[in-house]
Amino acid sequence: MFAYLRGTFTHKSPTVVHVDVQGVGYEVQVSLHTYSQLQHLQEGKLYTQLLIKEDAHTLYGFFDQSEKEVFQHLISVSGVGAATARVMLSSLPPEELVRGILSGNEGLLERIKGIGKKTAQRIVLELRDKLAKSPADGNISTLTHNTLEQEALIAMTALGIARSAAETAIRKARQSGAPTDQVESLIKAALKCL
């Protein structure tokens with residue numbers, strides 16, 4: 001219903017932000033990640049997700065679209081509600097959370113308050129393929145803000161190269177000083193580093 005709100009931040013706390021949009025005040029639930037991004041701003045834009053239940057209409061806000069998409073993926077998992085998803089996004093940066101899910105790192109998820117072994121397994125099981133296949137839907141490519149490296153990573157994994165090996169090769173290619181200003185040149189340099 002609301003894609004985003006742009007306005008003045010009249011109240012900011014680590015969990016709730018009030019946004020004044022042309023005289024209408026919206027109370028928006030936020031994660032610590034979002035709060036850390038906007039705590040020094042007087043005005044700005046929050047991407048939002050409205051969740052409606054019998055007893056409440058709650059608006060969740062995110063500093064960037066990628067965090068919102070990760071939130072949407074998390075709440076799609078059976079047993080993970082909005083409060084749990086917000087705690088997860090408060091505990092880990094979205095890109096680290098996505099990396100943990102993609103790599104099947106259940107231990108990382110279990111360290112988050114409220115996430116047990118079964119829930120961590122369910123999150124990895126239900127989201128690993130979704131996040132790996134859909135770069136436009138909250139994948140790591142939109143999270144790291146370095147689309148060149150992520151496009152190269154997606155291409156290399158599509159070629160059948162293991163994700164961890166591809167990440168290492170891309171990192172080595174960047175450090176080697178080889179021309180890596182285009183996706184194609186980065187992939188070629190990374191393939192030489194395998």
# chains A, B, ... in the order shown; residues from 1 in each chain; ligands from 1
call {"tool": "residues_around", "arguments": {"residues": "region 73-81 of chain A", "least_positions_apart": "4", "cutoff": "10 Å", "atoms": "only C-alpha atoms", "output": "number ranges by chain"}}
result
A: 67-69, 85-86, 88-89, 114-115, 118-120, 122-127, 130-131, 137-138
call {"tool": "write_last_selection", "arguments": {"atoms": "N, CA and C atoms", "output": "mmCIF file, in the first residue's frame"}}
result
data_model
loop_
_atom_site.group_PDB
_atom_site.id
_atom_site.type_symbol
_atom_site.label_atom_id
_atom_site.label_comp_id
_atom_site.auth_asym_id
_atom_site.auth_seq_id
_atom_site.Cartn_x
_atom_site.Cartn_y
_atom_site.Cartn_z
ATOM 1 N N GLU A 67 17.200 -3.810 2.040
ATOM 2 C CA GLU A 67 16.834 -4.269 3.383
ATOM 3 C C GLU A 67 15.348 -4.626 3.424
ATOM 4 N N LYS A 68 14.532 -3.848 2.742
ATOM 5 C CA LYS A 68 13.103 -4.147 2.680
ATOM 6 C C LYS A 68 12.876 -5.512 2.030
ATOM 7 N N GLU A 69 13.595 -5.795 0.962
ATOM 8 C CA GLU A 69 13.426 -7.060 0.262
ATOM 9 C C GLU A 69 13.861 -8.236 1.127
ATOM 10 N N ALA A 85 11.966 -10.919 12.203
ATOM 11 C CA ALA A 85 12.713 -10.410 11.049
ATOM 12 C C ALA A 85 13.414 -9.102 11.400
ATOM 13 N N ARG A 86 12.745 -8.245 12.159
ATOM 14 C CA ARG A 86 13.350 -6.970 12.550
ATOM 15 C C ARG A 86 14.536 -7.195 13.489
ATOM 16 N N MET A 88 16.411 -9.838 13.476
ATOM 17 C CA MET A 88 17.481 -10.370 12.626
ATOM 18 C C MET A 88 18.206 -9.242 11.897
ATOM 19 N N LEU A 89 17.446 -8.293 11.359
ATOM 20 C CA LEU A 89 18.048 -7.168 10.637
ATOM 21 C C LEU A 89 18.727 -6.183 11.583
ATOM 22 N N GLY A 114 16.242 -15.305 19.631
ATOM 23 C CA GLY A 114 14.946 -15.784 19.175
ATOM 24 C C GLY A 114 14.996 -16.768 18.020
ATOM 25 N N ILE A 115 16.189 -17.039 17.505
ATOM 26 C CA ILE A 115 16.323 -17.980 16.394
ATOM 27 C C ILE A 115 16.958 -19.270 16.921
ATOM 28 N N LYS A 118 15.983 -25.140 14.628
ATOM 29 C CA LYS A 118 14.980 -25.496 13.607
ATOM 30 C C LYS A 118 14.604 -24.292 12.748
ATOM 31 N N THR A 119 14.462 -23.141 13.379
ATOM 32 C CA THR A 119 14.119 -21.936 12.622
ATOM 33 C C THR A 119 15.254 -21.563 11.675
ATOM 34 N N ALA A 120 16.490 -21.660 12.157
ATOM 35 C CA ALA A 120 17.650 -21.355 11.303
ATOM 36 C C ALA A 120 17.680 -22.297 10.102
ATOM 37 N N ARG A 122 15.128 -23.851 8.760
ATOM 38 C CA ARG A 122 13.998 -23.529 7.884
ATOM 39 C C ARG A 122 14.300 -22.296 7.036
ATOM 40 N N ILE A 123 14.917 -21.284 7.648
ATOM 41 C CA ILE A 123 15.263 -20.059 6.914
ATOM 42 C C ILE A 123 16.217 -20.387 5.769
ATOM 43 N N VAL A 124 17.259 -21.161 6.075
ATOM 44 C CA VAL A 124 18.237 -21.523 5.037
ATOM 45 C C VAL A 124 17.557 -22.347 3.953
ATOM 46 N N LEU A 125 16.768 -23.323 4.363
ATOM 47 C CA LEU A 125 16.110 -24.209 3.404
ATOM 48 C C LEU A 125 15.166 -23.443 2.471
ATOM 49 N N GLU A 126 14.352 -22.556 3.042
ATOM 50 C CA GLU A 126 13.346 -21.856 2.245
ATOM 51 C C GLU A 126 13.890 -20.667 1.445
ATOM 52 N N LEU A 127 14.974 -20.049 1.928
ATOM 53 C CA LEU A 127 15.426 -18.819 1.273
ATOM 54 C C LEU A 127 16.688 -18.948 0.437
ATOM 55 N N LYS A 130 15.841 -18.993 -3.282
ATOM 56 C CA LYS A 130 15.182 -17.737 -3.679
ATOM 57 C C LYS A 130 16.189 -16.603 -3.787
ATOM 58 N N LEU A 131 17.061 -16.493 -2.789
ATOM 59 C CA LEU A 131 18.037 -15.402 -2.788
ATOM 60 C C LEU A 131 19.105 -15.602 -3.849
ATOM 61 N N ASP A 137 15.601 -9.399 -6.200
ATOM 62 C CA ASP A 137 14.762 -9.519 -5.018
ATOM 63 C C ASP A 137 15.559 -9.632 -3.731
ATOM 64 N N GLY A 138 16.367 -8.643 -3.455
ATOM 65 C CA GLY A 138 17.051 -8.624 -2.183
ATOM 66 C C GLY A 138 18.312 -9.455 -2.162
#
call {"tool": "residues_around", "arguments": {"residues": "His18 (chain A)", "least_positions_apart": "4", "cutoff": "8 Å", "atoms": "only C-alpha atoms", "output": "number ranges by chain"}}
result
A: 9-12, 25-28
call {"tool": "write_last_selection", "arguments": {"atoms": "C-alpha atoms", "output": "short mmCIF file (atom, residue, chain, number, x, y, z; two decimals), in the first residue's frame"}}
result
data_model
loop_
_atom_site.label_atom_id
_atom_site.label_comp_id
_atom_site.auth_asym_id
_atom_site.auth_seq_id
_atom_site.Cartn_x
_atom_site.Cartn_y
_atom_site.Cartn_z
CA PHE A 9 12.13 12.77 10.83
CA THR A 10 10.46 14.35 13.86
CA HIS A 11 11.36 11.56 16.30
CA LYS A 12 14.09 8.94 16.05
CA GLY A 25 2.86 11.92 11.01
CA TYR A 26 3.61 8.25 10.39
CA GLU A 27 4.97 5.98 13.11
CA VAL A 28 7.39 3.56 11.48
#
call {"tool": "select_by_dssp", "arguments": {"residues": "region 34-171 of chain A", "states": "strand (DSSP E)", "output": "JSON, numbers by chain"}}
result
{"A": [43, 44, 45, 46, 47, 48, 49, 50, 51, 52, 57, 58, 59, 60, 61, 62]}
call {"tool": "closest_residue", "arguments": {"among": "A:Ala162, A:Ile52, A:Val19, A:Leu5", "to": "Leu102 (chain A)", "atoms": "only C-alpha atoms"}}
result
A:Ala162
call {"tool": "residues_around", "arguments": {"residues": "Ile187 (chain A)", "least_positions_apart": "6", "cutoff": "12 Å", "atoms": "only C-alpha atoms", "output": "list in words"}}
result
Leu148, Glu149, Gln150, Glu151, Ala152, Leu153, Ile154, Ala155, Met156, Thr157, Ala158, Leu159, Ile161, Ala166, Glu167, Ala169, Ile170, Arg171, Lys172, Ala173, Arg174, Ala178, Pro179, Thr180, Asp181, Cys193 and Leu194 of chain A
call {"tool": "residues_around", "arguments": {"residues": "Val21 (chain A)", "least_positions_apart": "5", "cutoff": "7 Å", "atoms": "only C-alpha atoms", "output": "PDB file with N, CA and C atoms, in the first residue's frame"}}
result
ATOM      1  N   ARG A   6       8.581   9.883   2.216  1.00  0.00           N
ATOM      2  CA  ARG A   6       9.646  10.887   2.166  1.00  0.00           C
ATOM      3  C   ARG A   6       9.167  12.073   2.993  1.00  0.00           C
ATOM      4  N   GLY A   7       9.976  12.464   3.972  1.00  0.00           N
ATOM      5  CA  GLY A   7       9.566  13.575   4.814  1.00  0.00           C
ATOM      6  C   GLY A   7      10.616  13.912   5.858  1.00  0.00           C
ATOM      7  N   THR A   8      10.158  14.600   6.910  1.00  0.00           N
ATOM      8  CA  THR A   8      11.026  15.039   7.990  1.00  0.00           C
ATOM      9  C   THR A   8      10.942  14.043   9.138  1.00  0.00           C
TER      10      THR A   8
END
call {"tool": "residues_around", "arguments": {"residues": "Ser13 (chain A)", "least_positions_apart": "5", "cutoff": "10 Å", "atoms": "only C-alpha atoms", "output": "CSV table (one decimal) with N, CA and C atoms, in the first residue's frame"}}
result
chain,number,residue,atom,x,y,z
A,18,HIS,N,9.3,8.6,13.7
A,18,HIS,CA,8.2,9.4,13.2
A,18,HIS,C,8.5,10.2,12.0
A,29,GLN,N,8.2,1.4,12.4
A,29,GLN,CA,9.0,0.5,13.1
A,29,GLN,C,10.3,0.3,12.2
A,30,VAL,N,11.5,0.4,12.9
A,30,VAL,CA,12.7,0.3,12.1
A,30,VAL,C,13.7,-0.7,12.8
A,31,SER,N,14.6,-1.2,12.1
A,31,SER,CA,15.7,-2.0,12.6
A,31,SER,C,16.9,-1.1,13.1
A,32,LEU,N,17.8,-1.6,13.8
A,32,LEU,CA,18.9,-0.9,14.2
A,32,LEU,C,19.8,-0.5,13.0
A,35,TYR,N,18.1,2.6,11.7
A,35,TYR,CA,18.4,3.7,12.6
A,35,TYR,C,19.8,4.2,12.5
A,36,SER,N,20.8,3.3,12.4
A,36,SER,CA,22.2,3.8,12.3
A,36,SER,C,22.4,4.6,11.0
A,39,GLN,N,20.1,8.2,11.8
A,39,GLN,CA,20.1,8.9,13.0
A,39,GLN,C,20.6,10.3,13.0
call {"tool": "closest_residue", "arguments": {"among": "A:Lys188, A:Arg163, A:Lys113, A:Arg128", "to": "Ala83 (chain A)", "atoms": "only C-alpha atoms"}}
result
A:Lys113
call {"tool": "atom_distance", "arguments": {"atom1": "CA of Lys45 (chain A)", "atom2": "CA of Asp64 (chain A)"}}
result
8.6 Å
call {"tool": "decode", "arguments": {"residues": "region 16-41 of chain A", "atoms": "N, CA and C atoms", "output": "PDB file, in the first residue's frame"}}
result
ATOM      1  N   VAL A  16      11.808   3.003  16.625  1.00  0.00           N
ATOM      2  CA  VAL A  16      10.671   3.723  16.033  1.00  0.00           C
ATOM      3  C   VAL A  16      11.118   5.083  15.497  1.00  0.00           C
ATOM      4  N   VAL A  17      10.605   5.428  14.321  1.00  0.00           N
ATOM      5  CA  VAL A  17      10.862   6.740  13.727  1.00  0.00           C
ATOM      6  C   VAL A  17       9.505   7.347  13.378  1.00  0.00           C
ATOM      7  N   HIS A  18       9.345   8.638  13.656  1.00  0.00           N
ATOM      8  CA  HIS A  18       8.152   9.352  13.221  1.00  0.00           C
ATOM      9  C   HIS A  18       8.537  10.188  12.001  1.00  0.00           C
ATOM     10  N   VAL A  19       7.777  10.018  10.930  1.00  0.00           N
ATOM     11  CA  VAL A  19       8.051  10.742   9.692  1.00  0.00           C
ATOM     12  C   VAL A  19       6.882  11.680   9.408  1.00  0.00           C
ATOM     13  N   ASP A  20       7.182  12.972   9.309  1.00  0.00           N
ATOM     14  CA  ASP A  20       6.166  13.970   8.973  1.00  0.00           C
ATOM     15  C   ASP A  20       6.174  14.138   7.457  1.00  0.00           C
ATOM     16  N   VAL A  21       5.062  13.709   6.823  1.00  0.00           N
ATOM     17  CA  VAL A  21       4.927  13.839   5.378  1.00  0.00           C
ATOM     18  C   VAL A  21       3.819  14.852   5.115  1.00  0.00           C
ATOM     19  N   GLN A  22       4.215  16.075   4.838  1.00  0.00           N
ATOM     20  CA  GLN A  22       3.288  17.177   4.561  1.00  0.00           C
ATOM     21  C   GLN A  22       2.189  17.282   5.624  1.00  0.00           C
ATOM     22  N   GLY A  23       2.615  17.261   6.878  1.00  0.00           N
ATOM     23  CA  GLY A  23       1.681  17.462   7.976  1.00  0.00           C
ATOM     24  C   GLY A  23       1.047  16.202   8.542  1.00  0.00           C
ATOM     25  N   VAL A  24       1.282  15.060   7.936  1.00  0.00           N
ATOM     26  CA  VAL A  24       0.763  13.785   8.459  1.00  0.00           C
ATOM     27  C   VAL A  24       1.934  13.014   9.056  1.00  0.00           C
ATOM     28  N   GLY A  25       1.790  12.641  10.332  1.00  0.00           N
ATOM     29  CA  GLY A  25       2.863  11.924  11.015  1.00  0.00           C
ATOM     30  C   GLY A  25       2.658  10.423  10.950  1.00  0.00           C
ATOM     31  N   TYR A  26       3.662   9.706  10.470  1.00  0.00           N
ATOM     32  CA  TYR A  26       3.611   8.254  10.391  1.00  0.00           C
ATOM     33  C   TYR A  26       4.574   7.666  11.419  1.00  0.00           C
ATOM     34  N   GLU A  27       4.093   6.696  12.188  1.00  0.00           N
ATOM     35  CA  GLU A  27       4.967   5.976  13.108  1.00  0.00           C
ATOM     36  C   GLU A  27       5.474   4.740  12.374  1.00  0.00           C
ATOM     37  N   VAL A  28       6.779   4.629  12.271  1.00  0.00           N
ATOM     38  CA  VAL A  28       7.390   3.564  11.477  1.00  0.00           C
ATOM     39  C   VAL A  28       8.341   2.750  12.356  1.00  0.00           C
ATOM     40  N   GLN A  29       8.154   1.439  12.375  1.00  0.00           N
ATOM     41  CA  GLN A  29       9.038   0.533  13.101  1.00  0.00           C
ATOM     42  C   GLN A  29      10.289   0.326  12.249  1.00  0.00           C
ATOM     43  N   VAL A  30      11.478   0.438  12.866  1.00  0.00           N
ATOM     44  CA  VAL A  30      12.719   0.297  12.117  1.00  0.00           C
ATOM     45  C   VAL A  30      13.672  -0.672  12.819  1.00  0.00           C
ATOM     46  N   SER A  31      14.644  -1.151  12.058  1.00  0.00           N
ATOM     47  CA  SER A  31      15.707  -1.990  12.624  1.00  0.00           C
ATOM     48  C   SER A  31      16.853  -1.084  13.074  1.00  0.00           C
ATOM     49  N   LEU A  32      17.770  -1.641  13.834  1.00  0.00           N
ATOM     50  CA  LEU A  32      18.947  -0.873  14.245  1.00  0.00           C
ATOM     51  C   LEU A  32      19.795  -0.475  13.036  1.00  0.00           C
ATOM     52  N   HIS A  33      19.790  -1.334  12.021  1.00  0.00           N
ATOM     53  CA  HIS A  33      20.539  -1.024  10.803  1.00  0.00           C
ATOM     54  C   HIS A  33      20.008   0.260  10.162  1.00  0.00           C
ATOM     55  N   THR A  34      18.692   0.349  10.021  1.00  0.00           N
ATOM     56  CA  THR A  34      18.083   1.551   9.441  1.00  0.00           C
ATOM     57  C   THR A  34      18.312   2.756  10.341  1.00  0.00           C
ATOM     58  N   TYR A  35      18.142   2.572  11.651  1.00  0.00           N
ATOM     59  CA  TYR A  35      18.351   3.682  12.586  1.00  0.00           C
ATOM     60  C   TYR A  35      19.771   4.232  12.473  1.00  0.00           C
ATOM     61  N   SER A  36      20.760   3.336  12.373  1.00  0.00           N
ATOM     62  CA  SER A  36      22.152   3.797  12.282  1.00  0.00           C
ATOM     63  C   SER A  36      22.390   4.606  11.012  1.00  0.00           C
ATOM     64  N   GLN A  37      21.632   4.321   9.947  1.00  0.00           N
ATOM     65  CA  GLN A  37      21.786   5.052   8.688  1.00  0.00           C
ATOM     66  C   GLN A  37      21.131   6.437   8.732  1.00  0.00           C
ATOM     67  N   LEU A  38      20.054   6.573   9.511  1.00  0.00           N
ATOM     68  CA  LEU A  38      19.317   7.833   9.476  1.00  0.00           C
ATOM     69  C   LEU A  38      19.389   8.655  10.747  1.00  0.00           C
ATOM     70  N   GLN A  39      20.119   8.172  11.750  1.00  0.00           N
ATOM     71  CA  GLN A  39      20.108   8.874  13.032  1.00  0.00           C
ATOM     72  C   GLN A  39      20.613  10.312  12.963  1.00  0.00           C
ATOM     73  N   HIS A  40      21.452  10.641  11.993  1.00  0.00           N
ATOM     74  CA  HIS A  40      21.977  12.004  11.884  1.00  0.00           C
ATOM     75  C   HIS A  40      21.265  12.821  10.801  1.00  0.00           C
ATOM     76  N   LEU A  41      20.253  12.233  10.176  1.00  0.00           N
ATOM     77  CA  LEU A  41      19.526  12.935   9.123  1.00  0.00           C
ATOM     78  C   LEU A  41      18.294  13.644   9.696  1.00  0.00           C
TER      79      LEU A  41
END
